[in-house]
file my_file31.txt (compact mmCIF, C-alpha atoms)
# COMPACT_ATOMS: atom_id res chain seq x y z
CA MET C 1 124.92 73.37 104.46
CA THR C 2 126.33 76.65 105.70
CA GLY C 3 126.95 79.77 103.69
CA ASN C 4 130.68 79.21 103.91
CA LEU C 5 130.38 75.89 102.11
CA LEU C 6 128.58 77.62 99.27
CA ASP C 7 131.53 79.91 98.63
CA GLY C 8 133.42 78.85 95.51
CA LYS C 9 130.80 76.36 94.34
CA ILE C 10 130.36 76.12 90.56
CA VAL C 11 126.76 76.87 89.59
CA VAL C 12 124.81 76.83 86.32
CA PRO C 13 121.50 78.53 85.50
CA GLY C 14 118.56 76.62 86.96
CA ASP C 15 120.33 75.48 90.11
CA VAL C 16 117.99 75.87 93.05
CA PHE C 17 118.90 75.98 96.68
CA SER C 18 116.82 76.85 99.64
CA ALA C 19 117.89 79.53 102.04
CA ALA C 20 116.05 77.80 104.86
CA ASP C 21 118.39 74.84 105.33
CA GLU C 22 121.44 76.99 105.50
CA ASN C 23 122.67 78.51 108.68
CA PHE C 24 122.32 82.10 107.67
CA LYS C 25 122.15 84.35 110.64
CA LEU C 26 118.74 85.61 109.70
CA VAL C 27 118.81 88.94 111.44
CA ASN C 28 118.67 90.86 108.19
CA LYS C 29 117.43 89.93 104.76
CA ILE C 30 119.72 87.84 102.60
CA LYS C 31 121.45 90.07 100.07
CA LEU C 32 121.45 88.60 96.57
CA GLY C 33 123.74 90.00 93.91
CA PRO C 34 123.79 89.63 90.14
CA GLY C 35 123.17 86.10 88.88
CA LEU C 36 120.66 85.12 91.55
CA THR C 37 116.88 85.42 91.63
CA THR C 38 114.16 84.08 93.88
CA ASN C 39 110.84 82.37 93.26
CA GLN C 40 107.49 82.37 95.05
CA ALA C 41 108.54 79.53 97.33
CA GLN C 42 111.37 81.63 98.80
CA LYS C 43 114.10 79.64 97.07
CA ILE C 44 117.21 81.03 95.48
CA ILE C 45 117.59 80.29 91.75
CA VAL C 46 120.82 80.72 89.83
CA CYS C 47 120.53 82.52 86.48
CA LYS C 48 124.18 82.87 85.46
CA SER C 49 126.90 80.25 85.25
CA GLY C 50 129.96 80.91 87.34
CA THR C 51 131.28 80.54 90.84
CA LEU C 52 129.07 81.29 93.79
CA ARG C 53 130.53 83.78 96.23
CA TYR C 54 129.55 84.19 99.85
CA LYS C 55 130.41 87.02 102.20
CA SER C 56 129.54 86.74 105.88
CA PRO C 57 126.94 87.06 107.21
CA ASP C 58 124.24 87.31 104.55
CA THR C 59 125.59 88.14 101.09
CA LEU C 60 125.58 85.90 98.02
CA TRP C 61 126.41 86.56 94.38
CA VAL C 62 127.66 84.79 91.27
CA ASP C 63 131.07 85.66 89.91
CA CYS C 64 131.10 84.91 86.19
CA HIS C 65 133.01 85.75 83.04
CA GLN C 66 131.03 88.28 81.07
CA GLN C 67 131.48 90.60 78.15
CA ARG C 68 127.97 92.04 77.83
CA TYR C 69 127.38 94.96 80.16
CA ILE C 70 124.12 95.14 82.11
CA PRO C 71 123.65 98.70 83.40
CA SER C 72 123.18 99.19 87.10
CA LYS C 73 122.73 102.42 88.96
CA GLY C 74 125.72 104.27 90.32
CA GLU C 75 128.37 102.59 88.17
CA ASN C 76 130.97 104.62 86.31
CA VAL C 77 131.11 103.77 82.61
CA ILE C 78 132.78 104.95 79.42
CA GLY C 79 130.63 105.58 76.36
CA VAL C 80 130.86 106.96 72.83
CA ILE C 81 128.47 109.71 71.71
CA THR C 82 126.55 108.45 68.67
CA SER C 83 123.91 111.09 68.01
CA ARG C 84 122.18 114.14 69.38
CA GLN C 85 118.45 114.51 69.91
CA GLY C 86 117.49 117.95 71.14
CA ASP C 87 118.90 118.39 74.62
CA PHE C 88 120.00 114.78 74.84
CA TYR C 89 122.92 112.82 73.48
CA LYS C 90 122.75 109.12 72.73
CA VAL C 91 125.72 107.27 74.19
CA ASP C 92 126.87 103.77 73.31
CA ILE C 93 127.95 102.14 76.60
CA GLY C 94 128.05 98.59 75.30
CA ALA C 95 124.72 97.62 76.85
CA SER C 96 121.66 96.30 75.03
CA ASP C 97 120.30 99.84 74.71
CA GLN C 98 122.01 103.17 74.24
CA ALA C 99 122.15 105.49 77.23
CA VAL C 100 120.94 109.08 77.17
CA LEU C 101 123.03 111.96 78.42
CA ASN C 102 121.47 115.34 79.13
CA CYS C 103 123.61 118.24 77.91
CA MET C 104 122.93 119.98 81.25
CA SER C 105 124.53 117.19 83.27
CA PHE C 106 128.08 118.36 82.69
CA GLU C 107 129.92 120.39 85.30
CA GLY C 108 129.52 124.10 84.60
CA ALA C 109 126.87 123.62 81.91
CA SER C 110 123.88 125.95 81.69
CA LYS C 111 121.20 126.65 79.09
CA ARG C 112 123.37 129.32 77.53
CA ASN C 113 126.71 127.65 78.01
CA ARG C 114 126.38 124.22 76.44
CA PRO C 115 129.28 121.80 76.41
CA ASN C 116 131.04 121.34 73.10
CA VAL C 117 130.22 117.73 72.33
CA SER C 118 130.16 116.07 68.93
CA ASN C 119 129.52 112.57 67.62
CA GLY C 120 132.33 110.14 68.30
CA ASP C 121 133.48 111.86 71.50
CA VAL C 122 134.35 109.57 74.38
CA VAL C 123 132.64 110.37 77.65
CA PHE C 124 133.16 109.07 81.19
CA GLY C 125 130.04 109.25 83.33
CA GLN C 126 127.94 107.71 86.03
CA LEU C 127 124.68 105.85 85.49
CA ILE C 128 121.91 107.66 87.36
CA VAL C 129 119.03 105.65 85.89
CA ALA C 130 119.39 101.94 85.22
CA ASN C 131 116.18 100.02 84.90
CA LYS C 132 115.33 97.08 82.70
CA ASP C 133 112.25 98.87 81.35
CA VAL C 134 113.74 102.30 80.70
CA GLU C 135 116.81 103.34 78.76
CA PRO C 136 119.78 104.06 81.02
CA GLU C 137 120.76 107.64 81.74
CA LEU C 138 124.27 108.96 82.22
CA SER C 139 125.43 111.99 84.14
CA CYS C 140 128.86 113.61 84.30
CA ILE C 141 128.21 115.14 87.72
CA ASP C 142 128.66 113.19 90.93
CA PRO C 143 125.24 113.41 92.64
CA SER C 144 126.78 113.25 96.12
CA SER C 145 129.16 116.18 95.71
CA GLY C 146 127.76 118.05 92.68
CA LYS C 147 131.25 118.10 91.16
CA ALA C 148 132.63 116.40 88.05
CA ASN C 149 135.07 114.19 90.02
CA GLY C 150 137.05 113.34 86.90
CA MET C 151 133.97 112.66 84.79
CA GLY C 152 133.19 114.37 81.49
CA ILE C 153 134.43 114.36 77.92
CA LEU C 154 137.78 112.59 77.52
CA SER C 155 140.01 114.57 75.21
CA GLY C 156 143.58 114.09 74.08
CA ASP C 157 145.49 111.50 72.09
CA GLY C 158 144.55 108.18 73.56
CA ILE C 159 143.29 104.73 72.77
CA LEU C 160 139.93 103.16 73.61
CA PHE C 161 139.67 99.40 73.86
CA THR C 162 137.35 96.82 75.37
CA ILE C 163 138.12 94.18 77.98
CA SER C 164 135.92 91.72 79.83
CA LEU C 165 133.89 93.03 82.74
CA ASN C 166 135.82 90.83 85.17
CA LEU C 167 139.16 92.24 84.10
CA GLY C 168 137.82 95.77 84.51
CA ARG C 169 136.76 95.06 88.07
CA LYS C 170 140.01 93.26 88.79
CA LEU C 171 142.06 96.28 87.64
CA LEU C 172 139.97 98.56 89.85
CA SER C 173 140.09 96.36 92.94
CA PRO C 174 142.32 97.82 95.69
CA ASP C 175 144.28 94.54 95.86
CA CYS C 176 145.43 94.52 92.23
CA VAL C 177 149.09 95.51 91.88
CA LEU C 178 149.20 95.98 88.10
CA LEU C 179 148.32 99.65 87.71
CA PRO C 180 150.23 101.09 90.71
CA GLU C 181 153.29 99.02 89.77
CA LEU C 182 153.04 100.04 86.12
CA GLY C 183 152.62 103.64 87.25
CA SER C 184 155.94 103.56 89.08
CA HIS C 185 157.70 102.88 85.75
CA VAL C 186 155.64 104.75 83.15
CA SER C 187 153.60 107.94 83.34
CA PHE C 188 150.12 107.45 81.94
CA GLU C 189 146.45 108.10 82.56
CA ILE C 190 143.86 105.34 82.45
CA ILE C 191 140.10 105.48 82.69
CA ILE C 192 138.38 102.16 83.34
CA GLY C 193 134.62 101.93 82.98
CA LEU C 194 132.79 99.13 84.74
CA ASN C 195 131.26 98.37 81.32
CA GLY C 196 134.62 96.98 80.20
CA LYS C 197 135.73 99.95 78.15
CA VAL C 198 139.17 101.38 78.87
CA ALA C 199 140.61 104.70 77.70
CA LEU C 200 144.39 104.96 77.88
CA PHE C 201 146.51 108.09 77.50
CA CYS C 202 150.28 107.81 77.19
CA LYS C 203 153.19 109.92 75.99
CA SER C 204 153.80 107.77 72.92
CA ALA C 205 151.87 105.29 70.79
CA GLN C 206 154.37 102.50 71.52
CA GLN C 207 153.78 102.86 75.24
CA SER C 208 150.01 102.81 74.73
CA VAL C 209 150.10 99.59 72.76
CA CYS C 210 152.51 98.01 75.23
CA ILE C 211 150.33 98.85 78.24
CA MET C 212 147.19 97.76 76.41
CA ASN C 213 148.70 94.35 75.65
CA LEU C 214 149.93 93.98 79.21
CA ILE C 215 146.45 94.74 80.59
CA LYS C 216 144.81 92.26 78.24
CA ALA C 217 147.36 89.59 79.14
CA THR C 218 146.78 89.89 82.90
CA GLU C 219 143.18 88.65 82.82
CA TYR C 220 144.01 85.26 84.34
CA MET C 221 147.19 86.22 86.21
CA SER C 222 147.64 86.33 89.96
CA ASN C 223 149.44 89.23 91.61
CA THR C 224 152.73 87.32 91.74
CA ASP C 225 152.46 86.44 88.03
CA ILE C 226 151.78 90.09 87.25
CA MET C 227 154.92 91.13 89.14
CA LYS C 228 156.97 88.57 87.21
CA ALA C 229 155.61 89.81 83.86
CA LEU C 230 156.31 93.41 84.79
CA ASN C 231 159.88 92.61 85.86
CA LYS C 232 160.42 90.92 82.50
CA GLN C 233 159.15 94.00 80.71
CA PHE C 234 161.11 96.64 82.55
CA PHE C 235 164.36 95.03 83.76
CA MET E 1 60.31 143.81 101.43
CA THR E 2 63.33 142.85 103.40
CA GLN E 3 61.65 139.80 104.91
CA GLU E 4 60.58 138.57 101.55
CA LYS E 5 64.10 138.83 100.17
CA GLY E 6 65.58 136.94 103.12
CA THR E 7 63.30 133.96 102.68
CA ALA E 8 63.48 133.87 98.91
CA THR E 9 67.26 133.81 98.40
CA LYS E 10 69.19 130.84 99.70
CA LEU E 11 72.90 131.32 100.04
CA SER E 12 75.19 128.84 98.38
CA LEU E 13 76.92 126.13 100.39
CA ASN E 14 80.37 127.49 99.74
CA LEU E 15 79.39 130.93 100.89
CA ARG E 16 77.85 129.56 104.08
CA LYS E 17 81.03 127.65 104.83
CA MET E 18 83.09 130.85 105.00
CA LYS E 19 84.27 131.86 108.44
CA PHE E 20 82.44 135.17 108.72
CA MET E 21 79.17 133.51 107.73
CA GLN E 22 79.54 130.78 110.33
CA ARG E 23 79.57 133.28 113.17
CA CYS E 24 75.87 134.00 112.93
CA MET E 25 74.90 130.46 111.93
CA SER E 26 72.67 128.46 114.22
CA GLU E 27 73.93 125.24 115.74
CA ASN E 28 71.63 123.06 113.70
CA GLU E 29 72.90 124.49 110.48
CA ARG E 30 76.47 124.05 111.60
CA GLN E 31 75.95 120.37 112.40
CA GLU E 32 74.29 119.83 109.06
CA LEU E 33 77.22 121.36 107.26
CA GLU E 34 79.74 119.26 109.17
CA GLU E 35 77.82 116.08 108.50
CA SER E 36 77.58 116.80 104.82
CA ASP E 37 81.36 117.32 104.78
CA LYS E 38 81.91 113.98 106.48
CA ILE E 39 79.73 112.15 104.02
CA ILE E 40 81.57 113.59 101.05
CA THR E 41 85.01 112.72 102.37
CA SER E 42 84.20 109.15 103.27
CA GLU E 43 82.43 108.46 100.00
CA HIS E 44 85.07 110.03 97.84
CA TRP E 45 88.30 108.85 99.33
CA GLU E 46 87.76 105.52 100.99
CA LEU E 47 87.51 102.34 98.96
CA ASP E 48 85.76 99.41 100.54
CA LEU E 49 88.46 96.83 99.88
CA PRO E 50 90.12 94.19 102.03
CA GLU E 51 93.48 95.23 103.47
CA MET E 52 96.50 94.56 101.32
CA LEU E 53 98.86 92.01 102.78
CA GLU E 54 102.49 93.07 102.85
CA ASN E 55 104.57 90.75 100.72
CA GLU E 56 107.38 89.81 103.03
CA SER E 57 110.44 88.70 101.17
CA ARG E 58 113.48 87.36 102.93
CA PHE E 59 115.70 88.55 100.13
CA LEU E 60 117.14 91.86 99.06
CA HIS E 61 118.20 92.13 95.43
CA ILE E 62 121.19 94.32 94.73
CA PRO E 63 121.88 94.72 91.01
CA SER E 64 125.28 96.43 91.18
CA ILE E 65 128.34 94.24 91.66
CA THR E 66 130.29 97.18 93.07
CA HIS E 67 128.42 96.49 96.31
CA PHE E 68 130.07 93.07 96.55
CA GLU E 69 133.51 93.69 95.08
CA PRO E 70 135.10 96.94 96.20
CA CYS E 71 136.13 99.15 93.28
CA ARG E 72 138.31 102.24 93.13
CA HIS E 73 137.27 105.33 91.19
CA GLY E 74 137.62 104.54 87.49
CA ARG E 75 139.91 107.42 86.52
CA LEU E 76 143.54 106.96 87.51
CA SER E 77 146.71 108.81 86.64
CA PHE E 78 150.28 107.74 87.34
CA GLY E 79 153.71 109.35 87.10
CA GLY E 80 152.31 112.89 87.00
CA TYR E 81 150.54 112.49 83.65
CA ASN E 82 147.44 114.33 84.82
CA LYS E 83 148.11 116.11 88.11
CA ALA E 84 144.47 117.12 88.67
CA ILE E 85 143.42 113.48 88.60
CA GLU E 86 146.25 112.43 90.93
CA LYS E 87 145.04 115.02 93.43
CA LEU E 88 141.50 113.66 93.06
CA MET E 89 142.77 110.09 93.61
CA LYS E 90 144.34 111.13 96.91
CA GLU E 91 141.15 112.88 98.00
CA LEU E 92 138.98 109.88 97.16
CA GLU E 93 141.24 107.39 98.90
CA GLN E 94 141.78 109.36 102.12
CA PRO E 95 138.34 108.92 103.70
CA LYS E 96 138.70 105.15 103.31
CA GLU E 97 141.88 105.20 105.41
CA ASN E 98 140.06 107.16 108.12
CA ASP E 99 137.30 104.58 108.18
CA ASP E 100 139.82 101.84 108.80
CA ASP E 101 140.90 103.57 112.01
CA GLY E 102 137.35 103.24 113.29
CA HIS E 103 137.46 105.48 116.32
CA ASN E 104 138.58 108.50 114.32
CA SER E 105 135.89 108.18 111.67
CA ASP E 106 133.46 110.67 113.19
CA LEU E 107 136.12 113.33 113.75
CA SER E 108 136.43 115.79 110.88
CA ILE E 109 140.00 116.73 111.89
CA SER E 110 142.34 114.19 113.36
CA ASP E 111 144.40 114.91 116.47
CA ASP E 112 147.65 114.76 114.51
CA GLU E 113 146.40 117.32 112.02
CA MET E 114 145.27 119.60 114.81
CA ALA E 115 148.65 119.34 116.54
CA GLU E 116 150.45 120.11 113.28
CA ARG E 117 148.34 123.21 112.66
CA TYR E 118 148.86 124.54 116.14
CA SER E 119 152.59 123.87 116.18
CA SER E 120 152.92 126.23 113.21
CA LEU E 121 150.64 128.77 114.90
CA VAL E 122 152.50 128.90 118.23
CA GLY E 123 154.63 131.92 117.20
CA THR E 124 151.82 134.02 115.76
CA VAL E 125 149.45 133.35 118.62
CA GLY E 126 152.24 134.23 121.07
CA ASN E 127 152.78 137.59 119.30
CA LYS E 128 149.14 138.39 119.63
CA PHE E 129 149.24 137.97 123.40
CA LYS E 130 152.47 139.95 123.64
CA ALA E 131 150.84 142.90 121.88
CA ASN E 132 147.86 142.70 124.23
CA SER E 133 149.98 142.65 127.35
CA LYS E 134 151.95 145.72 126.13
CA GLN E 135 148.74 147.62 125.56
CA SER E 136 147.40 146.71 128.95
CA THR E 137 150.57 147.98 130.68
CA LYS E 138 150.29 151.31 128.84
CA LYS E 139 146.66 151.83 129.70
CA GLY E 140 147.17 150.07 133.02
CA ARG E 141 144.93 152.04 135.31
CA LYS E 142 142.22 152.69 132.81
CA LEU E 143 141.68 149.02 132.12
CA GLU E 144 141.79 147.78 135.70
CA PRO E 145 141.00 150.55 138.16
CA LEU E 146 141.53 149.69 141.78
CA ALA E 147 138.59 149.37 144.14
CA GLU E 148 139.42 152.65 145.92
CA ASP E 149 139.66 154.50 142.62
CA LYS E 150 136.25 153.20 141.68
CA GLU E 151 134.70 154.49 144.88
CA GLN E 152 136.35 157.85 144.40
CA SER E 153 135.14 158.24 140.88
CA LEU E 154 131.60 157.33 141.94
CA GLN E 155 131.68 159.92 144.70
CA VAL E 156 132.89 162.56 142.28
CA LYS E 157 130.05 161.77 139.95
CA ARG E 158 127.52 162.03 142.74
CA THR E 159 128.83 165.35 143.96
CA LYS E 160 128.66 166.74 140.45
CA LEU E 161 125.03 165.72 140.20
CA ASP E 162 124.25 167.19 143.63
CA LYS E 163 125.75 170.55 142.71
CA ARG E 164 123.47 170.78 139.72
CA GLY E 165 120.48 169.75 141.81
CA PHE E 166 117.12 169.10 140.30
CA MET E 167 116.62 170.88 137.06
CA LYS E 168 113.15 171.89 136.07
CA PRO E 169 112.27 171.11 132.54
CA SER E 170 111.76 174.36 130.60
CA VAL E 171 108.09 174.92 129.67
call {"tool": "encode", "arguments": {"input": "my_file31.txt", "output": "structure tokens"}}
result
Amino acid sequence: MTGNLLDGKIVVPGDVFSAADENFKLVNKIKLGPGLTTNQAQKIIVCKSGTLRYKSPDTLWVDCHQQRYIPSKGENVIGVITSRQGDFYKVDIGASDQAVLNCMSFEGASKRNRPNVSNGDVVFGQLIVANKDVEPELSCIDPSSGKANGMGILSGDGILFTISLNLGRKLLSPDCVLLPELGSHVSFEIIIGLNGKVALFCKSAQQSVCIMNLIKATEYMSNTDIMKALNKQFF
Amino acid sequence: MTQEKGTATKLSLNLRKMKFMQRCMSENERQELEESDKIITSEHWELDLPEMLENESRFLHIPSITHFEPCRHGRLSFGGYNKAIEKLMKELEQPKENDDDGHNSDLSISDDEMAERYSSLVGTVGNKFKANSKQSTKKGRKLEPLAEDKEQSLQVKRTKLDKRGFMKPSV
């Protein structure tokens, strides 16, 4: 069985397959993504139900429908500030535990000049610590450039809603036509966290609701279906 | 008196280890000190355990799905709603385009960009050289004296020195 045959296979938790019988070009280690673990006997075990995906030459992961966010390092997420504990804010990012956010990890923040943050504020940040044993930590500064890069407190009249993690990734994929096409008709700002939270800013409430419904409806649509739906809406 | 003192007091180990004390130390003492050092280090820092075997796994676990499915930056603005973000979007998406070209990826400035810059600079750079050439024509001889002139000026200098002759330093 080659890796290509594995692509698109439906798997359920507990499925075991050996990496030895497959014709992986074993130059490098096999890269396993979310949904796959290994045991002592060097076999791959599935731990999420979904479709198996394979990317040449040595990458495997499980693509599954999911609502619960599992933090992983480097991902951009949206959270809601729930409380403040000394120098740290607690942020609800939709994961099993709340994330912490240091008040110094905003652009331009110093000990004297603290950011003006209160409970209920919506914040867009990057996960700098994501470990199953420790609570996740957010930062609003891009570690590679030291700049905010669009991260920070989200202010203005907008709407925050939740979508599935798949839909969030689909909207952010470079192939998806929905947002650029929508942007050619309406002017709006959208912030999509990989934790499935979306903040939407429009010029009117009607537009916001309309775009929100459109986004939620496109979960199982292909690009051509999306174009059809958009044409119906605007022409 | 002095002899008695010398035999009675024994200097501490730390004091004897100091550089200025080692100069007058006999070779036996030195060896003793070195050996004692060796014993301490081996006893203190080396555990007598079998070597740990490296656990070789054939797998690499990557927890983030962004590694497998390419994702754009999460903050997007369309139709001029937030111009700062639209500028940022352009900045973030440009390096990707450069990577696609492959051969241009390690150049910080592309050839096209360079050509564009210089095409706008042609006039100003030209002016600069014009100004220089005007100056050089004015100063002409000063800047580029002919070979004969050079010789002449050297001779003049020499004669001047000769006239003065050797001058005795006063006092």
call {"tool": "closest_residue", "arguments": {"input": "my_file31.txt", "among": "C:Phe161, C:Phe88, C:Phe17, C:Phe124", "to": "chain E", "atoms": "all atoms listed in the file"}}
result
C:Phe124
call {"tool": "residues_around", "arguments": {"input": "my_file31.txt", "residues": "stretch 170-178 of chain C", "least_positions_apart": "6", "cutoff": "8 Å", "atoms": "only C-alpha atoms", "output": "NGL selection string"}}
result
(:C and (192 or 223 or 226-227)) or (:E and (69-74))
call {"tool": "interface_residues", "arguments": {"input": "my_file31.txt", "of": "chain C", "to": "chain E", "cutoff": "9 Å", "atoms": "only C-alpha atoms", "output": "JSON, numbers by chain"}}
result
{"C": [26, 28, 29, 30, 31, 32, 33, 34, 35, 36, 37, 38, 42, 44, 55, 59, 60, 61, 71, 72, 73, 74, 75, 76, 77, 124, 149, 150, 151, 169, 170, 171, 172, 173, 174, 179, 180, 182, 183, 184, 185, 186, 187, 188, 189, 190, 191, 192, 193, 194, 201, 202, 203]}
call {"tool": "write_last_selection", "arguments": {"input": "my_file31.txt", "atoms": "C-alpha atoms", "output": "PDB file, in the coordinates of the input"}}
result
ATOM      1  CA  LEU C  26     118.740  85.610 109.700  1.00  0.00           C
ATOM      2  CA  ASN C  28     118.670  90.860 108.190  1.00  0.00           C
ATOM      3  CA  LYS C  29     117.430  89.930 104.760  1.00  0.00           C
ATOM      4  CA  ILE C  30     119.720  87.840 102.600  1.00  0.00           C
ATOM      5  CA  LYS C  31     121.450  90.070 100.070  1.00  0.00           C
ATOM      6  CA  LEU C  32     121.450  88.600  96.570  1.00  0.00           C
ATOM      7  CA  GLY C  33     123.740  90.000  93.910  1.00  0.00           C
ATOM      8  CA  PRO C  34     123.790  89.630  90.140  1.00  0.00           C
ATOM      9  CA  GLY C  35     123.170  86.100  88.880  1.00  0.00           C
ATOM     10  CA  LEU C  36     120.660  85.120  91.550  1.00  0.00           C
ATOM     11  CA  THR C  37     116.880  85.420  91.630  1.00  0.00           C
ATOM     12  CA  THR C  38     114.160  84.080  93.880  1.00  0.00           C
ATOM     13  CA  GLN C  42     111.370  81.630  98.800  1.00  0.00           C
ATOM     14  CA  ILE C  44     117.210  81.030  95.480  1.00  0.00           C
ATOM     15  CA  LYS C  55     130.410  87.020 102.200  1.00  0.00           C
ATOM     16  CA  THR C  59     125.590  88.140 101.090  1.00  0.00           C
ATOM     17  CA  LEU C  60     125.580  85.900  98.020  1.00  0.00           C
ATOM     18  CA  TRP C  61     126.410  86.560  94.380  1.00  0.00           C
ATOM     19  CA  PRO C  71     123.650  98.700  83.400  1.00  0.00           C
ATOM     20  CA  SER C  72     123.180  99.190  87.100  1.00  0.00           C
ATOM     21  CA  LYS C  73     122.730 102.420  88.960  1.00  0.00           C
ATOM     22  CA  GLY C  74     125.720 104.270  90.320  1.00  0.00           C
ATOM     23  CA  GLU C  75     128.370 102.590  88.170  1.00  0.00           C
ATOM     24  CA  ASN C  76     130.970 104.620  86.310  1.00  0.00           C
ATOM     25  CA  VAL C  77     131.110 103.770  82.610  1.00  0.00           C
ATOM     26  CA  PHE C 124     133.160 109.070  81.190  1.00  0.00           C
ATOM     27  CA  ASN C 149     135.070 114.190  90.020  1.00  0.00           C
ATOM     28  CA  GLY C 150     137.050 113.340  86.900  1.00  0.00           C
ATOM     29  CA  MET C 151     133.970 112.660  84.790  1.00  0.00           C
ATOM     30  CA  ARG C 169     136.760  95.060  88.070  1.00  0.00           C
ATOM     31  CA  LYS C 170     140.010  93.260  88.790  1.00  0.00           C
ATOM     32  CA  LEU C 171     142.060  96.280  87.640  1.00  0.00           C
ATOM     33  CA  LEU C 172     139.970  98.560  89.850  1.00  0.00           C
ATOM     34  CA  SER C 173     140.090  96.360  92.940  1.00  0.00           C
ATOM     35  CA  PRO C 174     142.320  97.820  95.690  1.00  0.00           C
ATOM     36  CA  LEU C 179     148.320  99.650  87.710  1.00  0.00           C
ATOM     37  CA  PRO C 180     150.230 101.090  90.710  1.00  0.00           C
ATOM     38  CA  LEU C 182     153.040 100.040  86.120  1.00  0.00           C
ATOM     39  CA  GLY C 183     152.620 103.640  87.250  1.00  0.00           C
ATOM     40  CA  SER C 184     155.940 103.560  89.080  1.00  0.00           C
ATOM     41  CA  HIS C 185     157.700 102.880  85.750  1.00  0.00           C
ATOM     42  CA  VAL C 186     155.640 104.750  83.150  1.00  0.00           C
ATOM     43  CA  SER C 187     153.600 107.940  83.340  1.00  0.00           C
ATOM     44  CA  PHE C 188     150.120 107.450  81.940  1.00  0.00           C
ATOM     45  CA  GLU C 189     146.450 108.100  82.560  1.00  0.00           C
ATOM     46  CA  ILE C 190     143.860 105.340  82.450  1.00  0.00           C
ATOM     47  CA  ILE C 191     140.100 105.480  82.690  1.00  0.00           C
ATOM     48  CA  ILE C 192     138.380 102.160  83.340  1.00  0.00           C
ATOM     49  CA  GLY C 193     134.620 101.930  82.980  1.00  0.00           C
ATOM     50  CA  LEU C 194     132.790  99.130  84.740  1.00  0.00           C
ATOM     51  CA  PHE C 201     146.510 108.090  77.500  1.00  0.00           C
ATOM     52  CA  CYS C 202     150.280 107.810  77.190  1.00  0.00           C
ATOM     53  CA  LYS C 203     153.190 109.920  75.990  1.00  0.00           C
TER      54      LYS C 203
END
call {"tool": "atom_distance", "arguments": {"input": "my_file31.txt", "atom1": "atom CA of C:Gly120", "atom2": "atom CA of C:Ala199"}}
result
13.7 Å
call {"tool": "closest_residue", "arguments": {"input": "my_file31.txt", "among": "C:Asp58, C:Glu181, C:Glu107, C:Asp92", "to": "C:Ser145", "atoms": "only C-alpha atoms"}}
result
C:Glu107
call {"tool": "residues_around", "arguments": {"input": "my_file31.txt", "residues": "C:Val122", "least_positions_apart": "6", "cutoff": "10 Å", "atoms": "all atoms listed in the file", "output": "MDAnalysis selection string"}}
result
chainID C and resid 78:82 91:92 152:155 160 199
call {"tool": "atom_distance", "arguments": {"input": "my_file31.txt", "atom1": "atom CA of C:His65", "atom2": "atom CA of C:Ser139"}}
result
27.3 Å
call {"tool": "atom_distance", "arguments": {"input": "my_file31.txt", "atom1": "atom CA of C:Asn195", "atom2": "atom CA of C:Asn113"}}
result
29.8 Å
call {"tool": "residues_near_point", "arguments": {"input": "my_file31.txt", "point": "(128.2, 98.2, 76.1)", "cutoff": "9 Å", "atoms": "all atoms listed in the file", "output": "PyMOL selection string"}}
result
chain C and resi 67-71+78-79+92-98+195-197
call {"tool": "axis_aligned_box", "arguments": {"input": "my_file31.txt", "around": "stretch 41-48 of chain C", "padding_each_side": "6 Å", "output": "lines of an AutoDock Vina configuration file"}}
result
center_x = 116.4
center_y = 81.2
center_z = 92.1
size_x = 27.6
size_y = 15.3
size_z = 25.3
call {"tool": "build_atoms", "arguments": {"input": "my_file31.txt", "residues": "stretch 149-155 of chain C", "atoms": "N, CA, C and O atoms", "output": "PDB file, in the coordinates of the input"}}
result
ATOM      1  N   ASN C 149     134.279 115.315  89.502  1.00  0.00           N
ATOM      2  CA  ASN C 149     135.070 114.190  90.020  1.00  0.00           C
ATOM      3  C   ASN C 149     135.724 113.370  88.913  1.00  0.00           C
ATOM      4  O   ASN C 149     135.648 112.142  88.917  1.00  0.00           O
ATOM      5  N   GLY C 150     136.337 114.047  87.957  1.00  0.00           N
ATOM      6  CA  GLY C 150     137.050 113.340  86.900  1.00  0.00           C
ATOM      7  C   GLY C 150     136.173 112.875  85.764  1.00  0.00           C
ATOM      8  O   GLY C 150     136.654 112.292  84.807  1.00  0.00           O
ATOM      9  N   MET C 151     134.860 113.111  85.861  1.00  0.00           N
ATOM     10  CA  MET C 151     133.970 112.660  84.790  1.00  0.00           C
ATOM     11  C   MET C 151     133.809 113.779  83.751  1.00  0.00           C
ATOM     12  O   MET C 151     134.049 114.943  84.032  1.00  0.00           O
ATOM     13  N   GLY C 152     133.391 113.398  82.568  1.00  0.00           N
ATOM     14  CA  GLY C 152     133.190 114.370  81.490  1.00  0.00           C
ATOM     15  C   GLY C 152     133.739 113.839  80.183  1.00  0.00           C
ATOM     16  O   GLY C 152     133.997 112.639  80.044  1.00  0.00           O
ATOM     17  N   ILE C 153     133.903 114.751  79.226  1.00  0.00           N
ATOM     18  CA  ILE C 153     134.430 114.360  77.920  1.00  0.00           C
ATOM     19  C   ILE C 153     135.918 114.064  78.060  1.00  0.00           C
ATOM     20  O   ILE C 153     136.654 114.828  78.688  1.00  0.00           O
ATOM     21  N   LEU C 154     136.368 112.948  77.476  1.00  0.00           N
ATOM     22  CA  LEU C 154     137.780 112.590  77.520  1.00  0.00           C
ATOM     23  C   LEU C 154     138.447 113.090  76.236  1.00  0.00           C
ATOM     24  O   LEU C 154     138.096 112.640  75.147  1.00  0.00           O
ATOM     25  N   SER C 155     139.353 114.029  76.400  1.00  0.00           N
ATOM     26  CA  SER C 155     140.010 114.570  75.210  1.00  0.00           C
ATOM     27  C   SER C 155     141.509 114.278  75.275  1.00  0.00           C
ATOM     28  O   SER C 155     142.047 113.981  76.338  1.00  0.00           O
TER      29      SER C 155
END
